[in-house]
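Engineer: Sharing target_28.tsv, TSV, C-alpha atoms:
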chain	number	residue	atom	x	y	z
A	9	MET	CA	345.91	168.88	101.78
A	10	THR	CA	344.57	165.87	103.62
A	11	ARG	CA	344.26	163.02	101.23
A	12	SER	CA	342.85	160.40	103.48
A	13	HIS	CA	342.20	157.65	100.99
A	14	ARG	CA	345.58	157.96	99.32
A	15	ASP	CA	347.22	156.32	102.29
A	16	GLU	CA	344.40	153.98	102.89
A	17	SER	CA	344.89	150.29	102.63
A	18	PRO	CA	343.16	148.56	99.77
A	19	ASP	CA	341.44	146.54	102.49
A	20	ARG	CA	339.24	149.44	103.46
A	21	LEU	CA	338.17	150.06	99.88
A	22	HIS	CA	337.46	146.37	99.67
A	23	VAL	CA	335.19	146.61	102.71
A	24	ILE	CA	333.40	149.70	101.42
A	25	THR	CA	332.39	147.92	98.25
A	26	GLY	CA	331.65	144.66	100.00
A	27	GLY	CA	334.50	143.05	98.14
A	28	ARG	CA	333.06	143.86	94.76
A	29	SER	CA	335.32	144.99	92.01
A	30	ARG	CA	332.75	145.10	89.27
A	31	GLY	CA	329.09	145.73	88.87
A	32	ALA	CA	329.16	149.47	88.42
A	33	ASP	CA	326.67	150.78	85.90
A	34	ASP	CA	328.67	151.40	82.73
A	35	ALA	CA	326.42	154.31	81.86
A	36	LEU	CA	327.68	156.23	84.89
A	37	ASP	CA	330.00	158.73	83.33
A	38	ALA	CA	332.32	160.96	85.35
A	39	VAL	CA	329.89	163.83	84.75
A	40	THR	CA	326.60	161.97	85.06
A	41	LEU	CA	324.53	164.04	87.48
A	42	VAL	CA	323.07	162.03	90.32
A	43	VAL	CA	320.23	163.10	92.63
A	44	ALA	CA	319.04	161.60	95.91
A	45	GLU	CA	315.42	160.49	95.90
A	46	SER	CA	315.25	159.76	99.61
A	47	ALA	CA	316.86	160.65	102.91
A	48	PRO	CA	319.45	158.41	104.54
A	49	ALA	CA	317.88	155.63	106.58
A	50	PRO	CA	319.15	154.52	109.99
A	51	GLY	CA	321.59	151.65	109.78
A	52	MET	CA	322.56	152.40	106.24
A	53	GLN	CA	326.22	152.02	105.23
A	54	SER	CA	327.84	155.34	106.06
A	55	GLU	CA	329.12	155.94	102.53
A	56	HIS	CA	325.64	155.40	101.11
A	57	ALA	CA	324.21	157.82	103.66
A	58	ALA	CA	326.88	160.38	102.85
A	59	ILE	CA	326.02	160.16	99.16
A	60	LEU	CA	322.33	160.74	99.85
A	61	ARG	CA	323.12	163.82	101.93
A	62	LEU	CA	325.50	165.14	99.33
A	63	CYS	CA	323.17	164.61	96.39
A	64	ARG	CA	320.17	166.56	97.62
A	65	THR	CA	320.84	168.71	94.57
A	66	PRO	CA	322.22	167.26	91.32
A	67	THR	CA	325.87	166.37	91.75
A	68	ALA	CA	328.31	164.90	89.26
A	69	VAL	CA	329.85	161.52	89.94
A	70	VAL	CA	333.33	163.07	90.17
A	71	GLU	CA	332.13	165.59	92.72
A	72	VAL	CA	330.75	162.80	94.87
A	73	ALA	CA	334.13	161.06	94.63
A	74	ALA	CA	336.02	164.22	95.56
A	75	HIS	CA	333.82	165.00	98.55
A	76	LEU	CA	333.87	161.44	99.84
A	77	ARG	CA	337.61	161.19	99.19
A	78	LEU	CA	337.14	157.89	97.44
A	79	PRO	CA	338.32	156.79	94.01
A	80	VAL	CA	335.79	157.31	91.22
A	81	THR	CA	335.78	153.56	90.61
A	82	VAL	CA	334.56	152.89	94.15
A	83	VAL	CA	331.96	155.65	94.01
A	84	ARG	CA	330.49	154.26	90.80
A	85	ILE	CA	329.89	150.95	92.56
A	86	LEU	CA	328.27	152.66	95.56
A	87	LEU	CA	326.09	154.80	93.31
A	88	THR	CA	324.99	151.77	91.35
A	89	ASP	CA	323.75	150.22	94.62
A	90	LEU	CA	321.66	153.31	95.33
A	91	ILE	CA	320.35	153.53	91.77
A	92	ASP	CA	319.35	149.86	91.87
A	93	THR	CA	317.29	150.47	95.00
A	94	GLY	CA	315.73	153.67	93.68
A	95	GLN	CA	317.36	155.92	96.26
A	96	VAL	CA	319.30	157.81	93.64
A	97	THR	CA	318.47	158.67	90.07
A	98	ALA	CA	320.98	159.47	87.38
A	99	ARG	CA	320.61	162.18	84.76
A	100	HIS	CA	322.76	160.93	81.98
A	101	PRO	CA	324.63	163.35	79.74
A	102	ALA	CA	322.88	164.05	76.47
A	103	PRO	CA	324.47	162.21	73.54
A	104	ALA	CA	328.09	163.14	73.96
A	105	PRO	CA	330.61	163.55	71.17
A	106	SER	CA	332.03	160.22	70.05
A	107	GLN	CA	334.33	158.84	67.40
A	108	SER	CA	331.51	158.68	64.88
A	109	HIS	CA	330.07	162.08	65.85
A	110	PRO	CA	333.07	163.95	67.20
A	111	PHE	CA	331.42	167.33	67.65
A	112	ALA	CA	328.89	168.65	70.11
A	113	SER	CA	325.72	170.03	68.57
A	114	PRO	CA	325.69	173.65	67.35
A	115	ASP	CA	323.08	174.55	70.00
A	116	VAL	CA	325.25	173.24	72.79
A	117	LEU	CA	328.33	174.98	71.45
A	118	GLU	CA	326.48	178.28	71.21
A	119	LYS	CA	325.23	177.93	74.76
A	120	VAL	CA	328.74	177.25	76.05
A	121	LEU	CA	330.15	180.18	74.13
A	122	VAL	CA	327.56	182.61	75.49
A	123	ALA	CA	328.18	181.42	79.04
A	124	LEU	CA	331.95	181.76	78.64
A	125	HIS	CA	331.62	185.28	77.29
A	126	ASN	CA	329.50	186.15	80.31
A	127	LEU	CA	332.01	184.81	82.82
B	10	MET	CA	339.75	173.44	105.33
B	11	HIS	CA	340.50	170.44	107.49
B	12	SER	CA	337.37	168.77	108.71
B	13	THR	CA	337.00	166.77	111.87
B	14	THR	CA	333.87	165.03	110.66
B	15	SER	CA	333.40	162.62	107.83
B	16	GLU	CA	330.53	164.64	106.41
B	17	PRO	CA	330.94	165.66	102.83
B	18	GLU	CA	331.53	169.35	102.57
B	19	PRO	CA	330.33	170.75	99.31
B	20	ASN	CA	332.12	173.94	98.49
B	21	GLY	CA	330.68	176.90	96.72
B	22	VAL	CA	327.45	176.77	94.81
B	23	ALA	CA	325.21	173.79	94.43
B	24	LEU	CA	323.91	173.11	90.95
B	25	PRO	CA	320.35	174.19	90.22
B	26	PRO	CA	317.77	171.44	90.91
B	27	THR	CA	316.93	171.51	87.21
B	28	ALA	CA	320.49	170.70	86.11
B	29	SER	CA	320.32	167.71	83.81
B	30	ARG	CA	323.09	167.98	81.28
B	31	ALA	CA	326.81	168.02	82.01
B	32	LEU	CA	329.48	168.75	79.43
B	33	LYS	CA	333.22	168.22	79.63
B	34	ILE	CA	336.33	169.96	78.48
B	35	ALA	CA	339.69	168.40	79.25
B	36	VAL	CA	342.83	170.36	80.02
B	37	VAL	CA	345.86	168.19	79.38
B	38	GLY	CA	349.49	168.93	80.02
B	39	GLY	CA	352.67	167.96	81.79
B	40	PHE	CA	353.34	168.35	85.49
B	41	GLY	CA	353.50	171.94	86.64
B	42	VAL	CA	352.35	173.44	83.38
B	43	GLY	CA	349.39	175.21	84.98
B	44	LYS	CA	346.39	172.94	84.41
B	45	THR	CA	344.98	173.43	87.89
B	46	THR	CA	345.72	177.14	87.70
B	47	LEU	CA	343.77	177.47	84.47
B	48	VAL	CA	340.83	175.51	85.89
B	49	ARG	CA	340.88	177.61	89.06
B	50	SER	CA	340.88	180.84	87.07
B	51	VAL	CA	337.48	180.12	85.55
B	52	SER	CA	335.82	177.66	87.91
B	53	GLU	CA	332.90	178.71	90.11
B	54	ILE	CA	334.06	176.26	92.77
B	55	ARG	CA	337.47	175.81	94.30
B	56	PRO	CA	338.93	173.04	92.15
B	57	LEU	CA	338.37	169.61	93.63
B	58	ASP	CA	340.63	166.69	93.22
B	59	THR	CA	339.94	163.03	93.15
B	60	GLU	CA	341.51	159.94	91.74
B	61	GLU	CA	340.90	156.99	89.56
B	62	THR	CA	342.36	153.60	90.28
B	63	MET	CA	342.93	151.22	87.46
B	64	THR	CA	344.89	148.21	86.49
B	65	ARG	CA	347.48	148.76	83.86
B	66	ALA	CA	347.57	145.31	82.41
B	67	GLY	CA	344.83	143.72	80.40
B	68	GLY	CA	341.39	144.96	79.59
B	69	GLY	CA	339.88	145.17	83.05
B	70	VAL	CA	340.25	148.89	83.46
B	71	ASP	CA	337.31	149.02	85.78
B	72	ASP	CA	338.47	146.14	87.89
B	73	LEU	CA	338.87	147.23	91.47
B	74	ALA	CA	340.56	143.93	92.23
B	75	GLY	CA	343.56	145.72	90.79
B	76	VAL	CA	343.67	147.80	93.94
B	77	GLU	CA	344.98	144.81	95.72
B	78	ASP	CA	347.96	144.15	93.57
B	79	LYS	CA	350.90	146.13	92.39
B	80	ARG	CA	349.77	146.39	88.82
B	81	SER	CA	347.23	149.00	89.74
B	82	THR	CA	347.86	152.64	89.11
B	83	THR	CA	346.30	155.56	90.84
B	84	VAL	CA	346.11	158.84	89.03
B	85	ALA	CA	344.92	162.04	90.60
B	86	PHE	CA	343.13	164.62	88.55
B	87	ASP	CA	341.35	167.80	89.40
B	88	PHE	CA	338.35	169.57	88.09
B	89	GLY	CA	336.23	172.68	88.32
B	90	ARG	CA	332.91	173.67	86.90
B	91	ILE	CA	330.98	176.45	85.28
B	92	THR	CA	327.18	176.47	85.45
B	93	LEU	CA	325.97	177.45	82.00
B	94	ASP	CA	322.26	177.87	82.67
B	95	ALA	CA	319.40	176.24	84.56
B	96	THR	CA	319.93	172.90	82.87
B	97	SER	CA	323.55	172.70	81.80
B	98	VAL	CA	326.90	172.64	83.51
B	99	LEU	CA	330.40	172.46	82.09
B	100	TYR	CA	333.10	170.48	83.88
B	101	LEU	CA	336.76	171.23	83.29
B	102	PHE	CA	339.17	168.40	83.96
B	103	GLY	CA	342.86	168.80	84.41
B	104	ALA	CA	344.84	165.65	83.71
B	105	PRO	CA	348.44	164.68	83.15
B	106	GLY	CA	349.17	164.30	79.47
B	107	GLN	CA	352.10	161.91	79.40
B	108	GLU	CA	351.66	158.56	77.77
B	109	ARG	CA	351.63	156.57	80.98
B	110	PHE	CA	348.54	158.40	82.19
B	111	TRP	CA	346.59	158.16	79.03
B	112	PHE	CA	344.34	155.34	80.20
B	113	LEU	CA	342.81	157.88	82.54
B	114	TRP	CA	341.95	160.08	79.64
B	115	ASP	CA	340.32	157.26	77.72
B	116	ARG	CA	338.21	156.39	80.67
B	117	LEU	CA	337.21	159.77	81.99
B	118	PHE	CA	337.23	162.13	79.11
B	119	THR	CA	335.48	160.20	76.40
B	120	GLY	CA	332.67	162.41	75.28
B	121	SER	CA	334.48	165.67	75.90
B	122	LEU	CA	333.40	168.61	73.85
B	123	GLY	CA	337.08	169.20	73.20
B	124	ALA	CA	340.45	169.56	74.83
B	125	VAL	CA	343.02	172.18	75.68
B	126	VAL	CA	346.64	171.07	75.53
B	127	LEU	CA	348.62	173.30	77.82
B	128	VAL	CA	352.27	173.50	76.85
B	129	ASP	CA	355.33	174.75	78.58
B	130	THR	CA	358.36	175.43	76.40
B	131	ARG	CA	360.66	174.07	79.08
B	132	ARG	CA	359.12	170.61	78.70
B	133	ILE	CA	357.62	170.63	75.29
B	134	GLU	CA	358.09	166.89	74.83
B	135	HIS	CA	355.41	166.30	77.47
B	136	SER	CA	352.84	167.50	74.98
B	137	TRP	CA	353.76	165.39	71.99
B	138	TYR	CA	351.93	162.29	73.02
B	139	ALA	CA	348.77	164.16	74.01
B	140	ILE	CA	348.66	165.89	70.65
B	141	ASP	CA	349.20	162.64	68.73
B	142	ARG	CA	346.52	160.92	70.71
B	143	LEU	CA	343.95	163.68	70.28
B	144	GLU	CA	344.60	163.80	66.55
B	145	GLN	CA	344.17	160.05	66.37
B	146	GLN	CA	340.91	160.13	68.32
B	147	GLY	CA	339.55	163.01	66.30
B	148	THR	CA	338.90	165.00	69.47
B	149	PRO	CA	338.88	168.72	68.68
B	150	PHE	CA	341.60	170.59	70.55
B	151	VAL	CA	343.54	173.80	70.79
B	152	VAL	CA	347.03	174.35	72.15
B	153	ALA	CA	347.68	177.06	74.70
B	154	HIS	CA	351.18	178.11	75.56
B	155	ASN	CA	351.26	179.08	79.21
B	156	ASP	CA	354.10	181.53	78.97
B	157	PHE	CA	354.55	182.43	82.63
B	158	GLY	CA	355.05	185.98	81.47
B	159	VAL	CA	357.89	185.15	79.06
B	160	GLU	CA	356.84	185.45	75.46
B	161	HIS	CA	358.10	182.99	72.91
B	162	ASP	CA	357.56	183.13	69.18
B	163	LEU	CA	354.45	181.04	68.65
B	164	GLU	CA	355.72	179.87	65.27
B	165	ASP	CA	358.73	178.35	67.03
B	166	VAL	CA	356.39	176.63	69.45
B	167	ARG	CA	354.25	175.35	66.57
B	168	ALA	CA	357.33	173.98	64.85
B	169	ALA	CA	358.62	172.33	68.02
B	170	LEU	CA	355.24	170.67	68.49
B	171	ASP	CA	354.98	169.76	64.80
B	172	LEU	CA	351.47	171.11	65.10
B	173	ASP	CA	349.08	171.05	62.16
B	174	ALA	CA	348.36	174.52	60.76
B	175	GLY	CA	344.65	173.99	61.35
B	176	VAL	CA	345.00	173.67	65.12
B	177	PRO	CA	344.74	176.99	66.95
B	178	LEU	CA	347.80	177.86	69.02
B	179	ILE	CA	347.47	180.71	71.45
B	180	ARG	CA	349.42	182.31	74.23
B	181	CYS	CA	347.93	182.43	77.68
B	182	ASP	CA	348.57	183.28	81.26
B	183	ALA	CA	346.67	180.60	83.15
B	184	ARG	CA	346.61	182.75	86.28
B	185	GLU	CA	344.47	185.37	84.58
B	186	ARG	CA	340.76	184.72	84.39
B	187	ALA	CA	340.38	186.69	81.17
B	188	SER	CA	343.20	184.76	79.57
B	189	ALA	CA	341.95	181.36	80.72
B	190	LYS	CA	338.48	182.30	79.52
B	191	GLN	CA	339.89	183.22	76.12
B	192	VAL	CA	341.53	179.79	75.83
B	193	LEU	CA	338.16	178.09	76.35
B	194	ILE	CA	336.42	180.47	73.95
B	195	THR	CA	339.07	179.69	71.33
B	196	LEU	CA	338.38	175.98	71.78
B	197	VAL	CA	334.61	176.33	71.44
B	198	GLN	CA	334.99	178.57	68.37
B	199	HIS	CA	337.38	176.04	66.88
B	200	VAL	CA	334.83	173.27	67.39
B	201	GLN	CA	332.17	175.50	65.82
B	202	ALA	CA	334.43	176.02	62.80
B	203	LEU	CA	334.96	172.26	62.50
B	204	VAL	CA	331.22	171.68	62.70
B	205	ALA	CA	330.60	174.29	60.01
B	206	ALA	CA	333.28	172.73	57.81
B	207	SER	CA	331.74	169.29	58.17
B	208	ALA	CA	328.15	170.51	57.84
B	209	PRO	CA	327.40	169.18	54.35
B	210	THR	CA	328.17	165.63	55.39
B	211	GLN	CA	326.99	165.71	58.95
B	212	ARG	CA	323.57	164.53	59.95
B	213	SER	CA	321.40	167.06	61.67
B	214	ALA	CA	320.97	164.96	64.76
B	215	THR	CA	321.77	166.74	67.98
Spit out the file's structure as structure tokens when you get a sec.
Structural biologist:
Amino acid sequence: MTRSHRDESPDRLHVITGGRSRGADDALDAVTLVVAESAPAPGMQSEHAAILRLCRTPTAVVEVAAHLRLPVTVVRILLTDLIDTGQVTARHPAPAPSQSHPFASPDVLEKVLVALHNL
Amino acid sequence: MHSTTSEPEPNGVALPPTASRALKIAVVGGFGVGKTTLVRSVSEIRPLDTEETMTRAGGGVDDLAGVEDKRSTTVAFDFGRITLDATSVLYLFGAPGQERFWFLWDRLFTGSLGAVVLVDTRRIEHSWYAIDRLEQQGTPFVVAHNDFGVEHDLEDVRAALDLDAGVPLIRCDARERASAKQVLITLVQHVQALVAASAPTQRSAT
């Protein structure tokens, strides 16, 4: 399979993020669903435009990364740009299991179970 | 498959416009144990792969500056998904389980509903660290022995893994949809049992 960014120089990733290595919204989880709120504008950075086209329907952060062939870390920075300017909104996962509450809620578990049985 | 444009090419079904909640299950195991195969067997999309780049040293796991030096590590992982209903979708992540990749797990899979540890009796030691770590984190998990058609005594496997009696251990053929599905059902039922067992002390918050 073509893995374009694997062979890519760090320089290009550096350019894509405008040299930033931080600044991504910490709330952006791998499975946060993101949705475009506007169409790409002329002159926009091509990666930003690609995200807006891709996210016409809700799309998880990891899916954006996979389709753009960019590391998740880079995509989180790009998405944060678009969220900050209101071009993308994020639908954050409902309270996820954590150390203090390690289990998903019974409702969620039941829903997952039903869906799996129906597969 | 190969594209001549740089346009993203979504494969398979788009999520419903009403989708708002995503859940995660992690599938962990050594190289070649069948993680991607298991994900593919149940996923509604062809499994996608992507990567996470992180520095190994220090606390700056999210520091892209690491890309520029040799201390950074790139780990590929793949994933699939199952749309549960109009609002919810379940993502399945396959990730290497060896110790040196565990930072990926910490970063990406926090908040998982649970995990499947896929074991291969030829390389059983690749699962030890994953099991230790999951136990330590209190993440619910089940162990599935991908037997590649050769049946082993599960009690031998349990002993070799030094696996707690309370952790479900099942046989599976990751290539078979029904079998892969059963692994996930076993995990969810296990989590349900843990929830029920902890009910008296757990708050009713969802």
Engineer: Expressed in Å to a single decimal, how great is the separation between atom CA of Thr88 of chain A and atom CA of Asp33 of chain A?
Structural biologist: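 Those two atoms sit 5.8 Å apart.
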Engineer: Hey, what's within 9 Å of Val151 of chain B if we count all atoms listed in the file and toss same-chain stuff fewer than 6 positions away? As a PDB file with C-alpha atoms, in the coordinates of the input, please?
Structural biologist:
ATOM      1  CA  GLY B 123     337.080 169.200  73.200  1.00  0.00           C
ATOM      2  CA  ALA B 124     340.450 169.560  74.830  1.00  0.00           C
ATOM      3  CA  VAL B 125     343.020 172.180  75.680  1.00  0.00           C
ATOM      4  CA  VAL B 126     346.640 171.070  75.530  1.00  0.00           C
ATOM      5  CA  LEU B 127     348.620 173.300  77.820  1.00  0.00           C
ATOM      6  CA  VAL B 176     345.000 173.670  65.120  1.00  0.00           C
ATOM      7  CA  PRO B 177     344.740 176.990  66.950  1.00  0.00           C
ATOM      8  CA  LEU B 178     347.800 177.860  69.020  1.00  0.00           C
ATOM      9  CA  ILE B 179     347.470 180.710  71.450  1.00  0.00           C
ATOM     10  CA  VAL B 192     341.530 179.790  75.830  1.00  0.00           C
ATOM     11  CA  LEU B 193     338.160 178.090  76.350  1.00  0.00           C
ATOM     12  CA  THR B 195     339.070 179.690  71.330  1.00  0.00           C
ATOM     13  CA  LEU B 196     338.380 175.980  71.780  1.00  0.00           C
ATOM     14  CA  HIS B 199     337.380 176.040  66.880  1.00  0.00           C
TER      15      HIS B 199
END
Engineer: Applying 6 Å and all atoms listed in the file, which residues near Leu41 of chain A remain after dropping the ones on its own chain fewer than 4 positions away? List them as number ranges by chain.
Structural biologist: A: 66-68, 98-99
Engineer: Residues within 12 Å of (332.4, 187.4, 81.5), file coordinates, counting all atoms listed in the file: what are they? Give the list as a ChimeraX atom specification.
Structural biologist: /A:121-127 /B:51,91,93,186-191,194
Engineer: Once you count all atoms listed in the file, which residues of chain A turn out to be within 6 Å of chain B? Could you give them as a ChimeraX atom specification?
Structural biologist: /A:18,29-30,39,65,74-76,79-80,99,101,104-106,112-113,123
Engineer: Atom CA of Arg55 of chain B to atom CA of Leu117 of chain A: how many Å, to one decimal?
Structural biologist: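 Atom CA of Leu117 of chain A lies 24.6 Å from atom CA of Arg55 of chain B.
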Engineer: Write out as a PDB file with C-alpha atoms, keeping the file's coordinate frame which residues come within 8 Å of Leu36 of chain A when counting all atoms listed in the file, dropping same-chain ones fewer than 5 positions away.
Structural biologist:
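part-v9.pdb, freshly written:
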ATOM      1  CA  VAL A  69     329.850 161.520  89.940  1.00  0.00           C
ATOM      2  CA  ARG A  84     330.490 154.260  90.800  1.00  0.00           C
ATOM      3  CA  ALA A  98     320.980 159.470  87.380  1.00  0.00           C
ATOM      4  CA  HIS A 100     322.760 160.930  81.980  1.00  0.00           C
TER       5      HIS A 100
END
Engineer: What is the distance between atom CA of Ala202 of chain B and atom CA of Tyr138 of chain B, in Å to one decimal?
Structural biologist: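 Computing it gives 24.5 Å between the two atoms.
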Engineer: Compare B:Arg180, B:Arg142, B:Arg131, B:Lys44 by their minimum atom-to-atom distance to Glu164 of chain B, counting all atoms listed in the file, and give me the closest one.
Structural biologist: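 Among the listed residues, the smallest separation from Glu164 of chain B belongs to B:Arg180.
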Engineer: Tell me, as a list in words, which residues lie within 10 Å of segment 56-58 of chain A, counting all atoms listed in the file; anything in the same chain fewer than 3 positions away does not count.
Structural biologist: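 The filter keeps Ile24, Ala47, Pro48, Ala49, Pro50, Gly51, Met52, Gln53, Arg61, Leu62, Cys63, Val72, His75, Leu76, Val83, Leu86, Leu87, Asp89, Leu90 and Gln95 of chain A; Ser15, Glu16 and Pro17 of chain B.
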Engineer: Counting all atoms listed in the file, select every polymer residue within 10 Å of (349.9, 170.0, 67.2) as defined in the file's coordinates, and provide the selection as a PDB file with C-alpha atoms, in the coordinates of the input.
Structural biologist:
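And here's part34.pdb as it stands now:
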ATOM      1  CA  VAL B 126     346.640 171.070  75.530  1.00  0.00           C
ATOM      2  CA  SER B 136     352.840 167.500  74.980  1.00  0.00           C
ATOM      3  CA  TRP B 137     353.760 165.390  71.990  1.00  0.00           C
ATOM      4  CA  TYR B 138     351.930 162.290  73.020  1.00  0.00           C
ATOM      5  CA  ALA B 139     348.770 164.160  74.010  1.00  0.00           C
ATOM      6  CA  ILE B 140     348.660 165.890  70.650  1.00  0.00           C
ATOM      7  CA  ASP B 141     349.200 162.640  68.730  1.00  0.00           C
ATOM      8  CA  LEU B 143     343.950 163.680  70.280  1.00  0.00           C
ATOM      9  CA  GLU B 144     344.600 163.800  66.550  1.00  0.00           C
ATOM     10  CA  PHE B 150     341.600 170.590  70.550  1.00  0.00           C
ATOM     11  CA  VAL B 151     343.540 173.800  70.790  1.00  0.00           C
ATOM     12  CA  VAL B 152     347.030 174.350  72.150  1.00  0.00           C
ATOM     13  CA  VAL B 166     356.390 176.630  69.450  1.00  0.00           C
ATOM     14  CA  ARG B 167     354.250 175.350  66.570  1.00  0.00           C
ATOM     15  CA  ALA B 168     357.330 173.980  64.850  1.00  0.00           C
ATOM     16  CA  ALA B 169     358.620 172.330  68.020  1.00  0.00           C
ATOM     17  CA  LEU B 170     355.240 170.670  68.490  1.00  0.00           C
ATOM     18  CA  ASP B 171     354.980 169.760  64.800  1.00  0.00           C
ATOM     19  CA  LEU B 172     351.470 171.110  65.100  1.00  0.00           C
ATOM     20  CA  ASP B 173     349.080 171.050  62.160  1.00  0.00           C
ATOM     21  CA  ALA B 174     348.360 174.520  60.760  1.00  0.00           C
ATOM     22  CA  GLY B 175     344.650 173.990  61.350  1.00  0.00           C
ATOM     23  CA  VAL B 176     345.000 173.670  65.120  1.00  0.00           C
ATOM     24  CA  PRO B 177     344.740 176.990  66.950  1.00  0.00           C
ATOM     25  CA  LEU B 178     347.800 177.860  69.020  1.00  0.00           C
TER      26      LEU B 178
END
Engineer: With all atoms listed in the file as the basis for distance, which of B:Ile133, B:Arg184, B:Ala206, B:Glu108 is at the shortest distance from Thr45 of chain B?
Structural biologist: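 So, comparing all the options, the nearest one is B:Arg184.
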Engineer: Which of these residues is nearest to Leu78 of chain A, using all atoms listed in the file: A:Lys119, A:Glu55, A:Thr40, A:His109?
Structural biologist: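 Selected residue with least distance to Leu78 of chain A: A:Glu55.
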Engineer: Output as a PDB file, in the coordinates of the input: segment 40-60 of chain A, completed with N, CA and C atoms.
Structural biologist:
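The resulting result-v3.pdb:
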ATOM      1  N   THR A  40     328.026 162.261  84.875  1.00  0.00           N
ATOM      2  CA  THR A  40     326.600 161.970  85.060  1.00  0.00           C
ATOM      3  C   THR A  40     326.155 162.663  86.348  1.00  0.00           C
ATOM      4  N   LEU A  41     325.032 163.373  86.283  1.00  0.00           N
ATOM      5  CA  LEU A  41     324.530 164.040  87.480  1.00  0.00           C
ATOM      6  C   LEU A  41     323.614 163.080  88.227  1.00  0.00           C
ATOM      7  N   VAL A  42     323.876 162.942  89.515  1.00  0.00           N
ATOM      8  CA  VAL A  42     323.070 162.030  90.320  1.00  0.00           C
ATOM      9  C   VAL A  42     322.312 162.835  91.377  1.00  0.00           C
ATOM     10  N   VAL A  43     321.090 162.395  91.677  1.00  0.00           N
ATOM     11  CA  VAL A  43     320.230 163.100  92.630  1.00  0.00           C
ATOM     12  C   VAL A  43     319.633 162.102  93.606  1.00  0.00           C
ATOM     13  N   ALA A  44     319.651 162.461  94.897  1.00  0.00           N
ATOM     14  CA  ALA A  44     319.040 161.600  95.910  1.00  0.00           C
ATOM     15  C   ALA A  44     317.530 161.674  95.807  1.00  0.00           C
ATOM     16  N   GLU A  45     316.885 160.536  95.934  1.00  0.00           N
ATOM     17  CA  GLU A  45     315.420 160.490  95.900  1.00  0.00           C
ATOM     18  C   GLU A  45     314.849 160.233  97.285  1.00  0.00           C
ATOM     19  N   SER A  46     315.728 159.981  98.246  1.00  0.00           N
ATOM     20  CA  SER A  46     315.250 159.760  99.610  1.00  0.00           C
ATOM     21  C   SER A  46     316.319 160.183 100.603  1.00  0.00           C
ATOM     22  N   ALA A  47     315.922 160.284 101.852  1.00  0.00           N
ATOM     23  CA  ALA A  47     316.860 160.650 102.910  1.00  0.00           C
ATOM     24  C   ALA A  47     317.583 159.397 103.391  1.00  0.00           C
ATOM     25  N   PRO A  48     318.748 159.581 104.009  1.00  0.00           N
ATOM     26  CA  PRO A  48     319.450 158.410 104.540  1.00  0.00           C
ATOM     27  C   PRO A  48     318.598 157.699 105.584  1.00  0.00           C
ATOM     28  N   ALA A  49     318.645 156.401 105.594  1.00  0.00           N
ATOM     29  CA  ALA A  49     317.880 155.630 106.580  1.00  0.00           C
ATOM     30  C   ALA A  49     318.836 155.162 107.677  1.00  0.00           C
ATOM     31  N   PRO A  50     318.303 155.012 108.895  1.00  0.00           N
ATOM     32  CA  PRO A  50     319.150 154.520 109.990  1.00  0.00           C
ATOM     33  C   PRO A  50     319.740 153.147 109.637  1.00  0.00           C
ATOM     34  N   GLY A  51     320.972 152.948 110.014  1.00  0.00           N
ATOM     35  CA  GLY A  51     321.590 151.650 109.780  1.00  0.00           C
ATOM     36  C   GLY A  51     322.195 151.468 108.411  1.00  0.00           C
ATOM     37  N   MET A  52     322.020 152.464 107.585  1.00  0.00           N
ATOM     38  CA  MET A  52     322.560 152.400 106.240  1.00  0.00           C
ATOM     39  C   MET A  52     324.092 152.492 106.284  1.00  0.00           C
ATOM     40  N   GLN A  53     324.748 151.879 105.325  1.00  0.00           N
ATOM     41  CA  GLN A  53     326.220 152.020 105.230  1.00  0.00           C
ATOM     42  C   GLN A  53     326.564 153.504 105.157  1.00  0.00           C
ATOM     43  N   SER A  54     327.579 153.908 105.920  1.00  0.00           N
ATOM     44  CA  SER A  54     327.840 155.340 106.060  1.00  0.00           C
ATOM     45  C   SER A  54     328.146 156.029 104.728  1.00  0.00           C
ATOM     46  N   GLU A  55     328.828 155.333 103.825  1.00  0.00           N
ATOM     47  CA  GLU A  55     329.120 155.940 102.530  1.00  0.00           C
ATOM     48  C   GLU A  55     327.851 156.175 101.716  1.00  0.00           C
ATOM     49  N   HIS A  56     326.917 155.231 101.801  1.00  0.00           N
ATOM     50  CA  HIS A  56     325.640 155.400 101.110  1.00  0.00           C
ATOM     51  C   HIS A  56     324.888 156.608 101.679  1.00  0.00           C
ATOM     52  N   ALA A  57     324.896 156.706 103.007  1.00  0.00           N
ATOM     53  CA  ALA A  57     324.210 157.820 103.660  1.00  0.00           C
ATOM     54  C   ALA A  57     324.847 159.152 103.270  1.00  0.00           C
ATOM     55  N   ALA A  58     326.175 159.152 103.217  1.00  0.00           N
ATOM     56  CA  ALA A  58     326.880 160.380 102.850  1.00  0.00           C
ATOM     57  C   ALA A  58     326.526 160.808 101.425  1.00  0.00           C
ATOM     58  N   ILE A  59     326.392 159.842 100.542  1.00  0.00           N
ATOM     59  CA  ILE A  59     326.020 160.160  99.160  1.00  0.00           C
ATOM     60  C   ILE A  59     324.619 160.777  99.115  1.00  0.00           C
ATOM     61  N   LEU A  60     323.703 160.209  99.866  1.00  0.00           N
ATOM     62  CA  LEU A  60     322.330 160.740  99.850  1.00  0.00           C
ATOM     63  C   LEU A  60     322.279 162.166 100.395  1.00  0.00           C
TER      64      LEU A  60
END
